[in-house]
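Trainee: The file below is upload_34.txt, compact mmCIF, C-alpha atoms:
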# COMPACT_ATOMS: atom_id res chain seq x y z
CA MET A 113 -49.85 31.94 -65.41
CA GLU A 114 -52.55 31.34 -62.80
CA TYR A 115 -53.95 28.45 -64.88
CA TYR A 116 -50.47 26.89 -65.12
CA SER A 117 -50.03 27.19 -61.34
CA LEU A 118 -53.41 25.55 -60.70
CA THR A 119 -52.55 22.71 -63.08
CA SER A 120 -49.24 22.11 -61.29
CA LYS A 121 -50.99 22.01 -57.91
CA VAL A 122 -53.57 19.50 -59.15
CA HIS A 123 -50.84 17.30 -60.63
CA LEU A 124 -48.79 17.55 -57.43
CA PHE A 125 -51.80 16.47 -55.39
CA GLY A 126 -52.26 13.49 -57.71
CA VAL A 127 -48.57 12.59 -57.33
CA LEU A 128 -48.82 12.74 -53.53
CA LEU A 129 -51.90 10.53 -53.62
CA ALA A 130 -50.11 7.99 -55.82
CA ILE A 131 -46.96 7.95 -53.67
CA LEU A 132 -48.94 7.62 -50.43
CA GLY A 133 -51.13 4.94 -52.02
CA ASN A 134 -48.09 2.92 -53.09
CA LEU A 135 -46.51 3.24 -49.64
CA VAL A 136 -49.75 2.06 -48.01
CA ILE A 137 -49.78 -0.90 -50.41
CA SER A 138 -46.21 -1.80 -49.41
CA ILE A 139 -47.24 -1.65 -45.72
CA SER A 140 -50.22 -3.90 -46.44
CA LEU A 141 -48.04 -6.46 -48.22
CA ASN A 142 -45.65 -6.62 -45.28
CA ILE A 143 -48.55 -6.97 -42.82
CA GLN A 144 -49.92 -9.89 -44.85
CA LYS A 145 -46.45 -11.44 -44.96
CA TYR A 146 -46.09 -11.03 -41.19
CA SER A 147 -49.48 -12.68 -40.61
CA HIS A 148 -48.45 -15.65 -42.76
CA LEU A 149 -45.21 -15.99 -40.76
CA GLN A 150 -47.11 -15.93 -37.49
CA LEU A 151 -49.58 -18.56 -38.67
CA ALA A 152 -46.74 -20.80 -39.90
CA GLN A 153 -45.16 -20.79 -36.42
CA GLN A 154 -48.32 -22.05 -34.73
CA GLU A 155 -48.67 -25.72 -33.89
CA HIS A 156 -52.15 -25.84 -35.41
CA PRO A 157 -52.20 -22.97 -37.91
CA ARG A 158 -55.56 -21.49 -38.86
CA PRO A 159 -56.48 -20.54 -42.44
CA TYR A 160 -55.01 -17.17 -43.30
CA PHE A 161 -58.42 -15.66 -44.14
CA LYS A 162 -59.42 -16.12 -40.48
CA SER A 163 -56.58 -13.88 -39.31
CA VAL A 164 -57.55 -10.34 -38.27
CA LEU A 165 -54.05 -9.15 -39.12
CA TRP A 166 -54.33 -10.50 -42.67
CA TRP A 167 -57.66 -8.72 -43.18
CA GLY A 168 -56.05 -5.54 -41.85
CA GLY A 169 -53.47 -5.84 -44.63
CA ILE A 170 -56.24 -6.35 -47.19
CA PHE A 171 -58.01 -3.22 -45.92
CA LEU A 172 -54.84 -1.15 -46.23
CA MET A 173 -54.30 -2.47 -49.75
CA ALA A 174 -57.82 -1.33 -50.68
CA VAL A 175 -57.04 2.12 -49.25
CA GLY A 176 -53.80 2.31 -51.24
CA GLU A 177 -55.48 1.25 -54.48
CA THR A 178 -58.19 3.86 -53.87
CA GLY A 179 -55.49 6.50 -53.63
CA ASN A 180 -54.01 5.33 -56.93
CA PHE A 181 -57.47 5.33 -58.51
CA ALA A 182 -58.08 8.93 -57.45
CA ALA A 183 -54.59 9.96 -58.62
CA TYR A 184 -55.34 8.88 -62.20
CA GLY A 185 -58.26 11.31 -62.26
CA LEU A 186 -56.04 14.24 -61.22
CA ALA A 187 -52.79 13.73 -63.14
CA PRO A 188 -51.64 12.23 -66.47
CA ILE A 189 -51.13 8.48 -66.82
CA THR A 190 -47.51 9.06 -67.84
CA LEU A 191 -46.92 10.71 -64.47
CA ILE A 192 -48.80 8.29 -62.18
CA ALA A 193 -47.97 4.87 -63.68
CA PRO A 194 -44.15 4.93 -63.17
CA LEU A 195 -44.60 5.82 -59.49
CA GLY A 196 -45.28 2.15 -58.76
CA CYS A 197 -41.56 1.85 -58.07
CA MET A 198 -42.22 3.58 -54.72
CA SER A 199 -44.19 0.53 -53.59
CA VAL A 200 -41.19 -1.75 -54.14
CA ALA A 201 -38.75 0.66 -52.47
CA GLY A 202 -41.10 1.26 -49.55
CA SER A 203 -41.63 -2.47 -49.07
CA ALA A 204 -37.87 -2.98 -48.81
CA ILE A 205 -37.57 -0.31 -46.09
CA ILE A 206 -40.56 -1.61 -44.11
CA SER A 207 -39.35 -5.23 -44.27
CA VAL A 208 -36.02 -4.14 -42.77
CA MET A 209 -37.68 -2.14 -39.98
CA PHE A 210 -40.47 -4.51 -38.95
CA LEU A 211 -39.62 -7.96 -40.33
CA LYS A 212 -35.91 -7.62 -39.38
CA GLU A 213 -34.73 -8.56 -42.86
CA ASN A 214 -31.20 -7.72 -43.96
CA LEU A 215 -30.48 -4.43 -45.72
CA ARG A 216 -28.14 -5.01 -48.64
CA ALA A 217 -25.99 -2.52 -50.52
CA SER A 218 -28.05 -3.22 -53.65
CA ASP A 219 -31.20 -2.21 -51.72
CA LEU A 220 -29.74 1.19 -50.86
CA LEU A 221 -28.53 1.71 -54.43
CA GLY A 222 -31.91 0.64 -55.82
CA MET A 223 -33.80 3.00 -53.51
CA THR A 224 -31.50 5.84 -54.56
CA PHE A 225 -32.16 5.15 -58.24
CA ALA A 226 -35.91 4.86 -57.60
CA LEU A 227 -36.01 8.22 -55.78
CA ALA A 228 -33.89 9.90 -58.46
CA GLY A 229 -36.12 8.48 -61.18
CA THR A 230 -39.24 9.65 -59.34
CA TYR A 231 -37.81 13.17 -59.07
CA LEU A 232 -37.16 13.31 -62.82
CA LEU A 233 -40.60 11.87 -63.61
CA VAL A 234 -42.40 14.42 -61.46
CA ASN A 235 -40.48 17.36 -62.92
CA PHE A 236 -40.39 16.34 -66.60
CA ALA A 237 -43.68 14.50 -67.10
CA PRO A 238 -46.18 16.27 -69.43
CA ASN A 239 -47.72 19.18 -67.57
CA ILE A 240 -51.05 19.22 -69.38
CA THR A 241 -54.50 19.01 -67.92
CA GLN A 242 -57.83 18.27 -69.51
CA ALA A 243 -61.35 17.92 -68.21
CA VAL A 244 -62.08 14.20 -68.48
CA SER A 245 -65.74 14.44 -69.41
CA ALA A 246 -67.89 11.83 -71.11
CA ARG A 247 -67.77 13.71 -74.42
CA THR A 248 -63.96 13.84 -74.26
CA ILE A 249 -63.75 10.09 -73.67
CA GLN A 250 -66.19 9.44 -76.53
CA TYR A 251 -64.08 11.60 -78.85
CA TYR A 252 -60.87 9.74 -77.96
CA PHE A 253 -62.62 6.36 -78.00
CA VAL A 254 -63.53 6.59 -81.70
CA GLY A 255 -60.32 8.35 -82.76
CA TRP A 256 -58.21 6.63 -85.43
CA GLN A 257 -55.14 6.51 -83.14
CA PHE A 258 -56.93 4.45 -80.52
CA LEU A 259 -58.66 2.22 -83.07
CA VAL A 260 -55.32 1.31 -84.70
CA TYR A 261 -53.81 0.78 -81.25
CA VAL A 262 -56.63 -1.53 -80.15
CA ILE A 263 -56.48 -3.57 -83.38
CA LEU A 264 -52.72 -4.11 -82.93
CA GLU A 265 -53.22 -5.04 -79.27
CA ILE A 266 -55.92 -7.58 -80.13
CA LEU A 267 -53.73 -9.17 -82.82
CA ILE A 268 -50.72 -9.47 -80.48
CA PHE A 269 -52.93 -10.72 -77.64
CA CYS A 270 -54.51 -13.44 -79.83
CA ILE A 271 -51.11 -14.59 -81.13
CA LEU A 272 -49.65 -14.85 -77.61
CA LEU A 273 -52.79 -16.57 -76.33
CA TYR A 274 -52.50 -19.12 -79.15
CA PHE A 275 -48.90 -19.95 -78.16
CA LEU A 276 -49.93 -20.14 -74.50
CA LYS A 277 -53.02 -22.33 -74.87
CA ARG A 278 -52.32 -24.38 -78.00
CA LYS A 279 -48.55 -24.73 -77.94
CA GLY A 280 -48.19 -24.81 -74.14
CA MET A 281 -45.54 -22.06 -74.12
CA THR A 282 -45.63 -20.64 -70.59
CA HIS A 283 -42.58 -18.41 -70.82
CA MET A 284 -42.58 -15.51 -68.37
CA VAL A 285 -42.31 -12.93 -71.17
CA ILE A 286 -45.46 -14.30 -72.84
CA LEU A 287 -47.47 -14.23 -69.60
CA LEU A 288 -46.31 -10.77 -68.55
CA THR A 289 -46.84 -9.36 -72.06
CA LEU A 290 -50.46 -10.54 -71.83
CA VAL A 291 -50.67 -8.78 -68.45
CA ALA A 292 -49.19 -5.60 -69.94
CA LEU A 293 -51.60 -5.58 -72.90
CA LEU A 294 -54.54 -5.83 -70.50
CA ALA A 295 -52.95 -3.25 -68.18
CA SER A 296 -52.96 -0.64 -70.96
CA LEU A 297 -56.74 -0.99 -71.21
CA THR A 298 -56.97 -0.92 -67.42
CA VAL A 299 -55.17 2.42 -67.02
CA ILE A 300 -57.17 3.98 -69.87
CA SER A 301 -60.48 2.92 -68.32
CA VAL A 302 -59.37 3.75 -64.75
CA LYS A 303 -58.44 7.30 -65.74
CA ALA A 304 -61.70 7.64 -67.67
CA VAL A 305 -63.87 6.43 -64.77
CA SER A 306 -61.94 8.37 -62.14
CA GLY A 307 -61.87 11.51 -64.29
CA MET A 308 -65.62 11.37 -64.99
CA ILE A 309 -66.35 10.90 -61.27
CA THR A 310 -64.12 13.90 -60.47
CA PHE A 311 -65.84 15.93 -63.19
CA SER A 312 -69.23 14.95 -61.76
CA VAL A 313 -68.22 16.19 -58.30
CA THR A 314 -66.76 19.50 -59.49
CA ASN A 315 -69.05 20.21 -62.44
CA LYS A 316 -71.91 18.45 -64.22
CA THR A 317 -72.69 14.78 -63.56
CA GLN A 318 -71.29 12.34 -66.13
CA LEU A 319 -72.82 9.17 -64.68
CA THR A 320 -75.77 9.22 -67.05
CA TYR A 321 -73.63 8.68 -70.16
CA PRO A 322 -73.27 5.10 -71.49
CA ILE A 323 -69.52 5.57 -72.01
CA PHE A 324 -69.07 5.71 -68.23
CA TYR A 325 -70.47 2.20 -67.78
CA ILE A 326 -68.63 0.89 -70.85
CA MET A 327 -65.37 2.04 -69.26
CA CYS A 328 -66.39 0.45 -65.94
CA ILE A 329 -66.92 -2.90 -67.69
CA ILE A 330 -63.55 -2.62 -69.49
CA MET A 331 -61.83 -1.74 -66.20
CA ILE A 332 -63.27 -4.69 -64.26
CA ALA A 333 -62.82 -7.26 -67.05
CA SER A 334 -59.22 -6.25 -67.81
CA CYS A 335 -58.34 -6.30 -64.09
CA VAL A 336 -59.76 -9.81 -63.62
CA PHE A 337 -57.88 -11.35 -66.56
CA GLN A 338 -54.77 -9.37 -65.69
CA VAL A 339 -54.71 -10.92 -62.20
CA LYS A 340 -55.31 -14.37 -63.73
CA PHE A 341 -52.22 -14.23 -65.97
CA LEU A 342 -50.13 -12.57 -63.25
CA ASN A 343 -50.98 -15.32 -60.77
CA GLN A 344 -50.00 -17.91 -63.37
CA ALA A 345 -46.63 -16.19 -63.79
CA THR A 346 -45.98 -16.05 -60.04
CA LYS A 347 -46.77 -19.77 -59.71
CA LEU A 348 -44.27 -20.75 -62.41
CA TYR A 349 -41.46 -18.28 -61.67
CA ASN A 350 -39.82 -16.63 -58.66
CA THR A 351 -41.30 -13.38 -57.44
CA THR A 352 -37.87 -11.74 -57.67
CA ALA A 353 -37.97 -12.30 -61.43
CA VAL A 354 -41.66 -11.50 -61.98
CA VAL A 355 -41.81 -8.20 -60.03
CA PRO A 356 -39.19 -6.16 -61.96
CA VAL A 357 -40.21 -7.49 -65.38
CA ASN A 358 -43.89 -6.87 -64.66
CA HIS A 359 -43.11 -3.35 -63.44
CA VAL A 360 -41.23 -2.54 -66.66
CA PHE A 361 -43.89 -4.06 -68.92
CA PHE A 362 -46.81 -2.47 -67.03
CA THR A 363 -45.22 1.00 -66.93
CA THR A 364 -44.25 0.88 -70.61
CA SER A 365 -47.74 -0.18 -71.70
CA ALA A 366 -49.34 2.48 -69.47
CA ILE A 367 -47.12 5.22 -70.92
CA ILE A 368 -47.92 4.14 -74.49
CA ALA A 369 -51.63 4.06 -73.63
CA GLY A 370 -51.47 7.58 -72.19
CA ILE A 371 -49.65 8.87 -75.26
CA VAL A 372 -52.01 7.20 -77.76
CA PHE A 373 -55.41 7.64 -76.07
CA TYR A 374 -55.03 10.88 -74.10
CA GLN A 375 -52.23 12.36 -76.29
CA GLU A 376 -50.29 13.39 -73.19
CA PHE A 377 -46.96 14.12 -74.90
CA ARG A 378 -48.45 16.29 -77.63
CA GLY A 379 -46.23 19.33 -78.16
CA ALA A 380 -43.55 18.18 -75.69
CA ALA A 381 -39.91 19.16 -76.36
CA PHE A 382 -37.36 16.48 -77.24
CA LEU A 383 -35.19 17.21 -74.19
CA THR A 384 -38.21 16.89 -71.87
CA VAL A 385 -39.13 13.52 -73.38
CA PHE A 386 -35.51 12.31 -73.13
CA ILE A 387 -35.14 13.25 -69.45
CA TYR A 388 -38.54 11.69 -68.71
CA LEU A 389 -37.48 8.39 -70.33
CA PHE A 390 -34.20 8.53 -68.39
CA GLY A 391 -36.22 8.89 -65.18
CA CYS A 392 -38.22 5.80 -66.18
CA PHE A 393 -34.97 3.92 -66.76
CA LEU A 394 -33.67 4.86 -63.30
CA SER A 395 -36.90 3.68 -61.65
CA PHE A 396 -36.73 0.39 -63.59
CA LEU A 397 -33.12 -0.12 -62.52
CA GLY A 398 -34.01 0.68 -58.90
CA VAL A 399 -36.79 -1.94 -58.84
CA PHE A 400 -34.45 -4.53 -60.36
CA LEU A 401 -31.73 -3.88 -57.75
CA VAL A 402 -34.16 -4.02 -54.80
CA THR A 403 -35.74 -7.30 -55.89
CA ARG A 404 -32.52 -8.96 -57.12
CA ASN A 405 -31.58 -12.16 -55.23
CA GLN A 406 -34.11 -11.31 -52.52
CA GLU A 407 -35.22 -14.90 -51.96
CA LYS A 408 -31.70 -16.28 -51.54
CA GLU A 409 -31.49 -14.79 -48.06
CA HIS A 410 -34.36 -16.97 -46.90
CA LEU A 411 -32.78 -20.26 -47.98
CA GLN A 412 -31.74 -22.65 -45.23
CA GLN A 413 -28.14 -23.66 -44.60
CA PRO A 414 -26.83 -26.02 -47.28
CA TYR A 415 -26.31 -29.07 -45.09
CA ILE A 416 -28.35 -31.92 -43.65
CA ASP A 417 -28.41 -32.34 -39.90
CA PHE A 418 -28.98 -36.06 -39.30
CA GLY A 419 -29.37 -35.38 -35.60
CA ASP A 420 -32.78 -33.89 -36.38
CA ILE A 421 -34.00 -37.08 -38.05
CA PRO A 422 -36.03 -39.28 -35.68
CA GLY A 423 -34.24 -42.53 -34.82
CA LYS A 424 -30.79 -41.34 -35.95
CA GLN A 425 -28.14 -40.67 -33.31
CA MET A 426 -25.64 -38.77 -35.45
CA LEU A 427 -23.99 -35.46 -34.65
CA ASP A 428 -22.08 -34.89 -37.89
CA LYS A 429 -23.36 -32.51 -40.54
CA ILE A 430 -22.79 -33.66 -44.06
CA GLN A 431 -22.47 -31.32 -47.02
CA PRO A 432 -24.48 -32.81 -49.91
CA ASP A 433 -23.04 -32.92 -53.39
CA SER A 434 -25.85 -32.46 -55.89
CA ASN A 435 -23.64 -33.78 -58.71
CA GLY A 436 -22.61 -36.97 -56.95
CA LEU A 437 -24.32 -40.34 -56.96
CA SER A 438 -24.46 -40.39 -53.17
CA TYR A 439 -26.52 -37.19 -52.86
CA GLY A 440 -28.49 -37.25 -49.62
CA THR A 441 -27.00 -40.56 -48.34
CA LEU A 442 -24.91 -41.32 -45.27
CA PRO A 443 -21.10 -41.46 -45.56
CA ASP A 444 -21.03 -45.25 -45.33
CA GLY A 445 -23.77 -46.35 -47.67
CA SER A 446 -23.31 -50.06 -46.92
CA ASP A 447 -23.71 -49.58 -43.18
CA SER A 448 -26.82 -47.48 -43.64
CA THR A 449 -28.29 -50.05 -46.02
CA LYS A 450 -27.63 -52.85 -43.56
CA SER A 451 -29.13 -50.93 -40.69
CA GLN A 452 -32.23 -50.16 -42.77
CA THR A 453 -32.69 -53.85 -43.75
CA GLY A 454 -32.15 -54.87 -40.10
CA GLU A 455 -34.83 -52.45 -39.00
CA LYS A 456 -37.22 -53.84 -41.63
CA LYS A 457 -36.62 -57.41 -40.37
CA GLU A 458 -37.25 -56.40 -36.78
CA VAL A 459 -40.50 -54.75 -37.82
Any chance you could put this one into structure tokens?
Mentor:
Amino acid sequence: MEYYSLTSKVHLFGVLLAILGNLVISISLNIQKYSHLQLAQQEHPRPYFKSVLWWGGIFLMAVGETGNFAAYGLAPITLIAPLGCMSVAGSAIISVMFLKENLRASDLLGMTFALAGTYLLVNFAPNITQAVSARTIQYYFVGWQFLVYVILEILIFCILLYFLKRKGMTHMVILLTLVALLASLTVISVKAVSGMITFSVTNKTQLTYPIFYIMCIIMIASCVFQVKFLNQATKLYNTTAVVPVNHVFFTTSAIIAGIVFYQEFRGAAFLTVFIYLFGCFLSFLGVFLVTRNQEKEHLQQPYIDFGDIPGKQMLDKIQPDSNGLSYGTLPDGSDSTKSQTGEKKEV
């Protein structure tokens, strides 16, 4: 009973670290966004990397990611990975408070779903603990479950990479699936490195084992290529579409990695697994509702004010028709054409 209580306390501490880390990350993202807005309003804007405010956001992001890193060493992957929804919900709240953005009904509903999903995840995630030592990682690393899993991942990754590079298929699902496949290796290696560091602090040092440095290399390499494909997706598609899909793909791959490599759901009851998956579904739905149609609020008014065009003395505002042949022209096309040719002659 005492061992079970200690395990729950360690997991709870890991959960608090992950939630606080995600909230700090959401604060850092809003600080960076605010710094970009300030620089855009200047007459001679400086490069963003010369802004102290922007570097403050980067520092807070590093602090938040450090909290997430430590959380993986204290709690199961299947408990920590889905808590990324708190970053999206927290960012929505902070943007309303500090950036004066509008709070929509879908935001409130999404935050409610995210909080409800987080509650179910914390209470019904696997409550197992294991000392993540170098020998444990070596045992799991050569296990047949992980070897089959890695072979399947490599095959799927190579097939998708072939369609991306050779066939030029840059569909969002292909890019984010590549990100998710790399993310599964990232969370496995992050938990291994963080767990071995924690074990070294509380028990015997694990930094002399080669498996520690192998996992460090896997962690860094998978993170670099993961960011590469994610940046490519954000350049081609709207953030409002990339964020929820990436959250679902990343969380799903992380859960599968935790189940396969660390065997975190071994011996779990069917009802516990069902409620846990339902909590994941609520968090996915909450992220989708918060990010849905977010960019439409920042669009300008759908008309052209010709009074703002230099050299034009017009006060009327004309609604453009994107389907018409006269899109973007003045009401009297002949007059405008004559005036333009007259101006050319005078010049």
Trainee: So, counting all atoms listed in the file, which residue among A:Leu394, A:Ala152, A:Leu297, A:Val136 is closest to Val372 in chain A?
Mentor: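 Among A:Leu394, A:Ala152, A:Leu297, A:Val136, it is A:Leu297 that comes nearest to Val372 in chain A.
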Trainee: Anything within 9 Å of (-43.3, -16.9, -66.8): list those residues as a PyMOL selection string, counting all atoms listed in the file and sticking to the file's coordinates.
Mentor: chain A and resi 282-288+342+344-350+353-354
Trainee: Choose the residue, out of A:Val302, A:Val254, A:Ile371, A:Val355, that has the smallest atom-to-atom separation from Ile329 in chain A; count only C-alpha atoms.
Mentor: A:Val302
Trainee: If we draw a sphere of 12 Å around (-39.8, -6.6, -41.5), which residues have at least one atom in it when counting only C-alpha atoms? Please report them as a list in words.
Mentor: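 In the file's frame, the residues around the point are Ser138, Ile139, Ser140, Leu141, Asn142, Ile143, Gln144, Lys145, Tyr146, Ser147, Leu149, Gly202, Ser203, Ala204, Ile205, Ile206, Ser207, Val208, Met209, Phe210, Leu211, Lys212, Glu213, Asn214 and Leu215 of chain A.
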Trainee: Would you compute the box with edges along x, y and z of the file around range 227-233 of chain A, including every atom the file lists for it and 3 Å extra on each side, and give its centre and edge lengths in Å to one decimal, as lines of an AutoDock Vina configuration file?
Mentor:
center_x = -37.2
center_y = 10.8
center_z = -59.7
size_x = 12.7
size_y = 11.1
size_z = 13.8
Trainee: Using all atoms listed in the file, which of the listed residues (A:Val360, A:Leu220, A:Leu293, A:Leu397) sits closest to Phe269 in chain A?
Mentor: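 Answer, going by the shortest atom-to-atom distance: A:Leu293.
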Trainee: Just to confirm, what's the straight-line distance from CA of Tyr231 in chain A to CA of Phe396 in chain A in Å (one decimal)?
Mentor: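 Computed distance, CA of Tyr231 in chain A to CA of Phe396 in chain A, equals 13.6 Å.
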Trainee: Please, what distance in Å, to one decimal, runs between CA of Leu273 in chain A and CA of Asn343 in chain A?
Mentor: 15.7 Å
Trainee: Work out how far CA of Leu389 in chain A is from CA of Thr363 in chain A, in Å to one decimal.
Mentor: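 One can read the CA of Thr363 in chain A to CA of Leu389 in chain A distance as 11.2 Å.
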Trainee: Could you give me, as a VMD selection string, the residues within 7 Å of range 306-321 of chain A, counting all atoms listed in the file and dropping anything in the same chain fewer than 6 positions from it?
Mentor: chain A and resid 181 to 182 184 to 185 244 to 246
Trainee: Which residue is closest to Thr248 in chain A? Choose from A:Ala369, A:Ala304, A:Ile192, A:Ile170 and count all atoms listed in the file.
Mentor: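 The shortest atom-to-atom distance to Thr248 in chain A comes from A:Ala304.
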